[in-house]
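**Student:** Structure file data-v4.csv, CSV, C-alpha atoms and all ligand atoms, is pasted below:
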chain,number,residue,atom,x,y,z
A,2,MET,CA,148.6,132.7,192.4
A,3,ILE,CA,149.6,129.2,191.4
A,4,ASP,CA,150.5,127.1,194.3
A,5,ILE,CA,152.2,123.7,193.6
A,6,GLN,CA,152.7,121.5,196.6
A,7,ASN,CA,154.6,118.2,196.7
A,8,VAL,CA,153.3,117.2,193.2
A,9,ARG,CA,154.0,113.7,192.1
A,10,LYS,CA,153.3,112.4,188.6
A,11,SER,CA,154.0,109.1,187.1
A,12,PHE,CA,153.5,107.6,183.7
A,13,GLY,CA,153.1,103.9,184.5
A,14,ASP,CA,156.2,102.9,186.5
A,15,LEU,CA,158.1,106.0,185.5
A,16,GLU,CA,157.9,108.8,188.1
A,17,VAL,CA,158.5,112.0,186.2
A,18,LEU,CA,157.6,114.6,188.9
A,19,LYS,CA,159.0,113.6,192.3
A,20,GLY,CA,157.5,116.1,194.7
A,21,ILE,CA,157.5,119.5,193.1
A,22,ASP,CA,156.9,122.6,195.3
A,23,LEU,CA,156.6,126.0,193.6
A,24,THR,CA,154.5,129.1,194.3
A,25,VAL,CA,154.1,131.6,191.5
A,26,GLU,CA,152.8,135.0,192.7
A,27,ARG,CA,150.7,137.4,190.6
A,28,GLY,CA,152.9,139.2,188.2
A,29,GLU,CA,155.8,136.9,188.5
A,30,VAL,CA,157.7,135.4,185.6
A,31,VAL,CA,159.2,132.0,186.5
A,32,THR,CA,161.3,130.2,183.9
A,33,VAL,CA,161.9,126.4,184.0
A,34,ILE,CA,165.1,125.1,182.5
A,35,GLY,CA,166.6,121.6,182.5
A,36,GLY,CA,167.5,118.7,180.4
A,37,SER,CA,165.3,116.7,178.1
A,38,GLY,CA,162.9,114.4,180.0
A,39,SER,CA,163.4,116.2,183.3
A,40,GLY,CA,159.6,116.8,183.6
A,41,LYS,CA,159.3,120.4,182.5
A,42,SER,CA,156.4,119.9,180.0
A,43,THR,CA,154.7,117.5,182.3
A,44,LEU,CA,154.6,120.1,185.0
A,45,LEU,CA,152.9,122.6,182.7
A,46,THR,CA,150.3,120.1,181.5
A,47,CYS,CA,149.5,119.2,185.2
A,48,ILE,CA,149.1,122.8,186.1
A,49,ASN,CA,146.3,123.4,183.7
A,50,GLY,CA,144.7,120.0,184.3
A,51,LEU,CA,145.6,118.4,181.0
A,52,GLU,CA,147.2,115.6,183.0
A,53,PRO,CA,146.1,114.0,186.3
A,54,ILE,CA,148.6,113.9,189.2
A,55,ASN,CA,149.4,111.1,191.5
A,56,GLY,CA,150.1,113.1,194.7
A,57,GLY,CA,150.2,116.6,196.1
A,58,LYS,CA,148.1,119.5,195.1
A,59,ILE,CA,148.0,122.3,192.6
A,60,THR,CA,145.8,125.3,193.5
A,61,ILE,CA,145.1,128.3,191.2
A,62,ASP,CA,143.5,131.3,192.8
A,63,GLY,CA,142.1,129.0,195.5
A,64,THR,CA,140.7,126.4,193.1
A,65,GLU,CA,142.3,123.0,193.4
A,66,VAL,CA,143.0,121.9,189.8
A,67,HIS,CA,142.6,118.2,190.3
A,68,ALA,CA,139.7,118.2,192.7
A,69,ARG,CA,136.8,116.2,191.4
A,70,SER,CA,134.5,119.2,191.7
A,71,THR,CA,136.7,121.5,189.6
A,72,ASP,CA,135.3,122.6,186.2
A,73,LEU,CA,138.4,122.1,184.1
A,74,ASN,CA,137.0,123.9,181.1
A,75,LYS,CA,136.4,127.0,183.3
A,76,LEU,CA,139.8,126.7,184.9
A,77,ARG,CA,141.6,126.5,181.5
A,78,THR,CA,140.0,129.8,180.5
A,79,LYS,CA,142.1,131.3,183.3
A,80,VAL,CA,145.3,129.5,182.3
A,81,GLY,CA,146.5,129.9,178.8
A,82,ILE,CA,149.0,127.5,177.4
A,83,VAL,CA,151.2,127.7,174.2
A,84,PHE,CA,153.2,124.7,173.0
A,85,GLN,CA,156.3,124.2,170.9
A,86,GLN,CA,154.3,122.9,167.9
A,87,PHE,CA,151.8,125.2,166.3
A,88,ASN,CA,148.3,123.9,166.5
A,89,ALA,CA,146.3,126.2,164.4
A,90,PHE,CA,143.2,125.1,162.5
A,91,PRO,CA,144.4,125.2,158.9
A,92,HIS,CA,140.9,125.8,157.4
A,93,LEU,CA,140.3,128.8,159.5
A,94,THR,CA,141.7,132.3,159.0
A,95,VAL,CA,143.8,133.9,161.7
A,96,MET,CA,140.8,135.9,162.9
A,97,GLU,CA,138.7,132.8,163.0
A,98,ASN,CA,141.4,130.8,164.9
A,99,VAL,CA,141.6,133.5,167.5
A,100,THR,CA,137.8,134.1,167.9
A,101,LEU,CA,136.9,130.4,168.1
A,102,ALA,CA,137.4,129.8,171.8
A,103,PRO,CA,136.0,133.1,173.0
A,104,ARG,CA,132.9,132.3,170.9
A,105,LYS,CA,132.5,128.6,171.7
A,106,VAL,CA,133.8,128.4,175.2
A,107,LEU,CA,132.9,131.9,176.6
A,108,GLY,CA,129.8,132.2,174.5
A,109,MET,CA,130.8,135.6,173.2
A,110,GLY,CA,129.1,137.2,170.2
A,111,ARG,CA,130.9,137.6,167.0
A,112,ALA,CA,131.4,141.4,167.2
A,113,GLU,CA,132.8,141.3,170.7
A,114,ALA,CA,135.1,138.3,169.9
A,115,GLU,CA,136.4,139.9,166.8
A,116,ALA,CA,137.1,143.2,168.6
A,117,ILE,CA,139.1,141.3,171.3
A,118,ALA,CA,140.9,139.2,168.7
A,119,GLU,CA,141.9,142.2,166.6
A,120,LYS,CA,143.2,143.9,169.7
A,121,GLN,CA,145.3,140.9,170.7
A,122,LEU,CA,146.5,140.3,167.1
A,123,ARG,CA,147.6,143.9,166.9
A,124,HIS,CA,149.3,143.4,170.2
A,125,VAL,CA,151.5,140.6,168.8
A,126,GLY,CA,152.1,142.5,165.6
A,127,LEU,CA,149.7,140.6,163.3
A,128,ALA,CA,147.1,143.3,162.7
A,129,ASP,CA,147.6,142.9,158.9
A,130,LYS,CA,147.1,139.1,158.9
A,131,LEU,CA,143.5,138.9,160.1
A,132,SER,CA,142.1,137.2,157.0
A,133,THR,CA,145.2,135.2,156.2
A,134,TYR,CA,145.3,131.4,156.6
A,135,PRO,CA,147.9,129.9,159.0
A,136,SER,CA,149.7,128.1,156.3
A,137,ARG,CA,150.6,131.5,154.8
A,138,LEU,CA,152.3,132.6,158.0
A,139,SER,CA,155.9,132.1,159.0
A,140,GLY,CA,156.6,130.0,162.0
A,141,GLY,CA,157.2,133.0,164.1
A,142,GLN,CA,153.9,134.6,163.0
A,143,GLN,CA,152.1,131.3,163.7
A,144,GLN,CA,153.5,131.3,167.3
A,145,ARG,CA,152.5,134.9,167.8
A,146,MET,CA,149.0,133.9,166.6
A,147,ALA,CA,148.9,131.1,169.1
A,148,ILE,CA,149.9,133.6,171.8
A,149,ALA,CA,147.1,136.0,170.7
A,150,ARG,CA,144.7,133.1,170.7
A,151,ALA,CA,145.5,132.3,174.3
A,152,LEU,CA,145.4,136.0,175.3
A,153,ALA,CA,141.9,136.4,173.7
A,154,MET,CA,140.5,134.4,176.6
A,155,SER,CA,141.8,137.0,179.0
A,156,PRO,CA,143.7,134.5,181.1
A,157,GLY,CA,145.2,135.4,184.4
A,158,TYR,CA,148.1,133.1,183.8
A,159,MET,CA,150.1,132.0,180.8
A,160,LEU,CA,152.2,128.8,180.4
A,161,PHE,CA,154.7,128.6,177.6
A,162,ASP,CA,156.4,125.4,176.6
A,163,GLU,CA,159.5,125.9,174.5
A,164,VAL,CA,157.5,128.1,172.1
A,165,THR,CA,160.6,129.0,170.1
A,166,SER,CA,162.2,125.5,169.9
A,167,ALA,CA,160.7,124.6,166.5
A,168,LEU,CA,161.5,127.9,164.9
A,169,ASP,CA,164.2,128.8,162.4
A,170,PRO,CA,166.8,130.8,164.3
A,171,GLN,CA,166.0,134.0,162.5
A,172,LEU,CA,162.4,133.8,163.7
A,173,VAL,CA,163.1,133.2,167.4
A,174,GLY,CA,163.7,136.8,168.3
A,175,GLU,CA,160.3,138.1,167.3
A,176,VAL,CA,158.6,135.5,169.5
A,177,LEU,CA,160.9,136.2,172.4
A,178,GLU,CA,160.1,139.9,172.0
A,179,THR,CA,156.4,139.1,172.3
A,180,LEU,CA,157.0,137.1,175.5
A,181,LYS,CA,159.1,139.9,176.9
A,182,MET,CA,156.4,142.4,176.2
A,183,LEU,CA,153.9,140.3,178.1
A,184,ALA,CA,156.3,139.9,181.0
A,185,GLU,CA,156.8,143.7,181.2
A,186,GLU,CA,153.0,144.2,181.1
A,187,GLY,CA,152.8,142.1,184.3
A,188,MET,CA,151.4,138.9,183.0
A,189,THR,CA,152.0,136.0,185.4
A,190,MET,CA,153.8,133.3,183.5
A,191,ILE,CA,155.7,130.1,183.7
A,192,LEU,CA,158.0,129.6,180.7
A,193,VAL,CA,159.9,126.5,179.7
A,194,THR,CA,162.8,127.6,177.5
A,195,HIS,CA,166.3,126.7,176.3
A,196,GLU,CA,167.0,130.4,175.6
A,197,MET,CA,169.3,131.1,178.5
A,198,SER,CA,170.0,134.8,177.9
A,199,PHE,CA,166.3,135.4,177.4
A,200,ALA,CA,165.6,133.6,180.7
A,201,ARG,CA,168.2,135.6,182.5
A,202,ASP,CA,166.7,138.8,181.1
A,203,VAL,CA,162.9,138.3,181.7
A,204,SER,CA,162.6,136.0,184.7
A,205,ASP,CA,162.0,136.9,188.3
A,206,ARG,CA,163.1,133.4,189.2
A,207,VAL,CA,164.6,130.5,187.3
A,208,ALA,CA,164.0,126.9,188.3
A,209,PHE,CA,166.3,124.1,187.3
A,210,PHE,CA,164.7,120.7,186.8
A,211,HIS,CA,166.7,117.5,186.9
A,212,LYS,CA,165.1,114.0,186.7
A,213,GLY,CA,161.8,115.1,188.0
A,214,VAL,CA,163.1,117.1,190.9
A,215,MET,CA,163.4,120.9,191.1
A,216,ALA,CA,167.1,120.8,192.0
A,217,GLU,CA,167.5,124.6,192.4
A,218,ILE,CA,165.5,127.8,192.1
A,219,GLY,CA,166.7,131.3,192.4
A,220,ALA,CA,167.0,134.8,191.0
A,221,PRO,CA,168.4,134.7,187.5
A,222,ASP,CA,171.7,136.3,188.5
A,223,GLN,CA,172.2,133.7,191.3
A,224,LEU,CA,171.1,130.7,189.3
A,225,PHE,CA,173.1,131.6,186.1
A,226,GLY,CA,175.9,133.5,187.9
A,227,ALA,CA,176.5,131.2,190.9
A,228,PRO,CA,174.6,128.0,190.5
A,229,ARG,CA,174.7,125.9,193.7
A,230,HIS,CA,173.6,122.5,192.6
A,231,PRO,CA,176.3,120.4,190.8
A,232,GLU,CA,173.7,119.3,188.2
A,233,THR,CA,172.8,123.0,187.5
A,234,GLN,CA,176.5,123.7,187.0
A,235,ALA,CA,176.8,120.7,184.7
A,236,PHE,CA,173.7,121.7,182.7
A,237,LEU,CA,174.7,125.3,182.3
A,238,SER,CA,178.3,124.5,181.2
A,239,LYS,CA,176.8,122.3,178.5
A,240,VAL,CA,174.3,124.8,177.1
A,241,ARG,CA,176.7,127.8,177.2
A,301,LIG,P1,160.8,117.6,179.4
A,301,LIG,O1,159.7,118.5,178.9
A,301,LIG,O2,161.6,118.1,180.5
A,301,LIG,O3,161.7,117.2,178.2
A,301,LIG,P2,158.6,115.7,179.8
A,301,LIG,O4,157.8,116.3,180.9
A,301,LIG,O5,158.1,115.9,178.4
A,301,LIG,O6,160.1,116.3,179.9
A,301,LIG,O7,158.8,114.2,180.1
A,301,LIG,C1,159.3,113.6,181.3
A,301,LIG,C2,159.3,112.1,181.2
A,301,LIG,O8,158.0,111.7,181.1
A,301,LIG,C3,160.1,111.6,180.0
A,301,LIG,O9,160.8,110.5,180.3
A,301,LIG,C4,159.0,111.3,179.0
A,301,LIG,O10,159.4,110.3,178.1
A,301,LIG,C5,157.9,110.9,179.9
A,301,LIG,N1,156.5,111.2,179.3
A,301,LIG,C6,156.1,112.4,179.0
A,301,LIG,N2,154.8,112.3,178.6
A,301,LIG,C7,154.5,111.0,178.6
A,301,LIG,C8,153.3,110.3,178.3
A,301,LIG,N3,152.2,110.9,177.9
A,301,LIG,N4,153.3,108.9,178.5
A,301,LIG,C9,154.4,108.3,178.9
A,301,LIG,N5,155.6,108.9,179.3
A,301,LIG,C10,155.6,110.3,179.1
A,302,MG,MG,159.3,119.4,177.1
Let me see whether you can do it: turn the structure in this file into structure tokens.
**Tutor:**
Amino acid sequence: MIDIQNVRKSFGDLEVLKGIDLTVERGEVVTVIGGSGSGKSTLLTCINGLEPINGGKITIDGTEVHARSTDLNKLRTKVGIVFQQFNAFPHLTVMENVTLAPRKVLGMGRAEAEAIAEKQLRHVGLADKLSTYPSRLSGGQQQRMAIARALAMSPGYMLFDEVTSALDPQLVGEVLETLKMLAEEGMTMILVTHEMSFARDVSDRVAFFHKGVMAEIGAPDQLFGAPRHPETQAFLSKVR
């Protein structure tokens, strides 16, 4: 499980996470919503150790992420992250993009890495794109490749940061379908999204962030149907 306790994070004088508490159990899907600058992305980058924290503690399966003794490279193989902007290697094929980390980080042989990559690419609907270069893929296909690339590491957890926000509207659905499939398979995940109906559909719990504070968290029907915090109400009335 992912256990976040009283996490504080500042950039210089700006405190962007002001004591976040959140526990995500195995198999749970937690969606984070909230306005721009509320700290959503920062939370995800702290969870997989891309950013140091200034207080509190994040523990993943008993390993404290920010402890000096923690091997962050090893930890990151357990926690996949996919961002809004595609970050494929343009000079590598889809297959090469997906096999890169299993080979370099996990030390897997080519045949094994390719078998896993092919399975994951098939899973996200890209079985026919193995030898294609990323520039020849649509934005939706690129994001699905990014998801396959993360899954090829067999992570226990997945973090998704607005993975559909940069896509043309007609490409959003195919990526949301992929996320929904993972959720239904029982993947433990934390998703930041602006897709409210999707969040309501797939989440076990939805957290609303406001100015570095988790103002409210609850089941989707409660949070969307009867939000308690005035800021949640204000936010939802703007996005709907
Ligand atoms: P969100 O994802 O909710 O839009 P972020 O977590 O990206 O919010 O950002 C929260 C705040 O932290 C914002 O004010 C943002 O400008 C600031 N911030 C984010 N990353 C950095 C950084 N690397 N350096 C300085 N300030 C940052
Ligand atoms: Mg963000």
**Student:** Let me see if you get this right: every residue at most 10 Å from ligand MG 302 (chain A), counting only C-alpha atoms and all ligand atoms, written as a PyMOL selection string.
**Tutor:** chain A and resi 34-45+84-85+162-163+166+193-194
**Student:** What is the atom CA of Val30 of chain A to atom CA of Asp205 of chain A distance in Å?
**Tutor:**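 Separation of atom CA of Val30 of chain A and atom CA of Asp205 of chain A: 5.3 Å.
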**Student:** Pick the closest to Gly157 of chain A from A:Asn7, A:Thr64, A:Gln234, A:Thr78: which is it, counting all atoms listed in the file?
**Tutor:**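 Using all atoms listed in the file, Gly157 of chain A sits closest to A:Thr78.
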**Student:** Can you tell me which residues surround Leu192 of chain A at a distance of at most 7 Å, considering all atoms listed in the file, apart from same-chain residues fewer than 3 positions away, and format the answer as a list in words?
**Tutor:**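 So, after excluding close chain neighbours, the residues are Val31, Thr32, Val33, Leu160, Phe161 and Asp162 of chain A.
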**Student:** So that I can see what lies close to Pro103 of chain A, please list as a list in words the residues with an atom at most 8 Å from it, counting only C-alpha atoms and leaving out residues fewer than 5 positions away in the same chain.
**Tutor:** Gly108, Met109, Ala114, Ala153 and Met154 of chain A
**Student:** Using all atoms listed in the file, find all polymer residues with an atom at most 12 Å away from the point (159.5, 143.1, 180.2); report them as a VMD selection string.
**Tutor:** chain A and resid 28 to 30 177 to 190 199 to 205
**Student:** Give the answer as one residue: which of A:Ile148, A:Ala227, A:Ala102, A:Val83 has the shortest atom-to-atom distance to His124 of chain A, using all atoms listed in the file?
**Tutor:**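 For His124 of chain A, the nearest of the candidates is A:Ile148.
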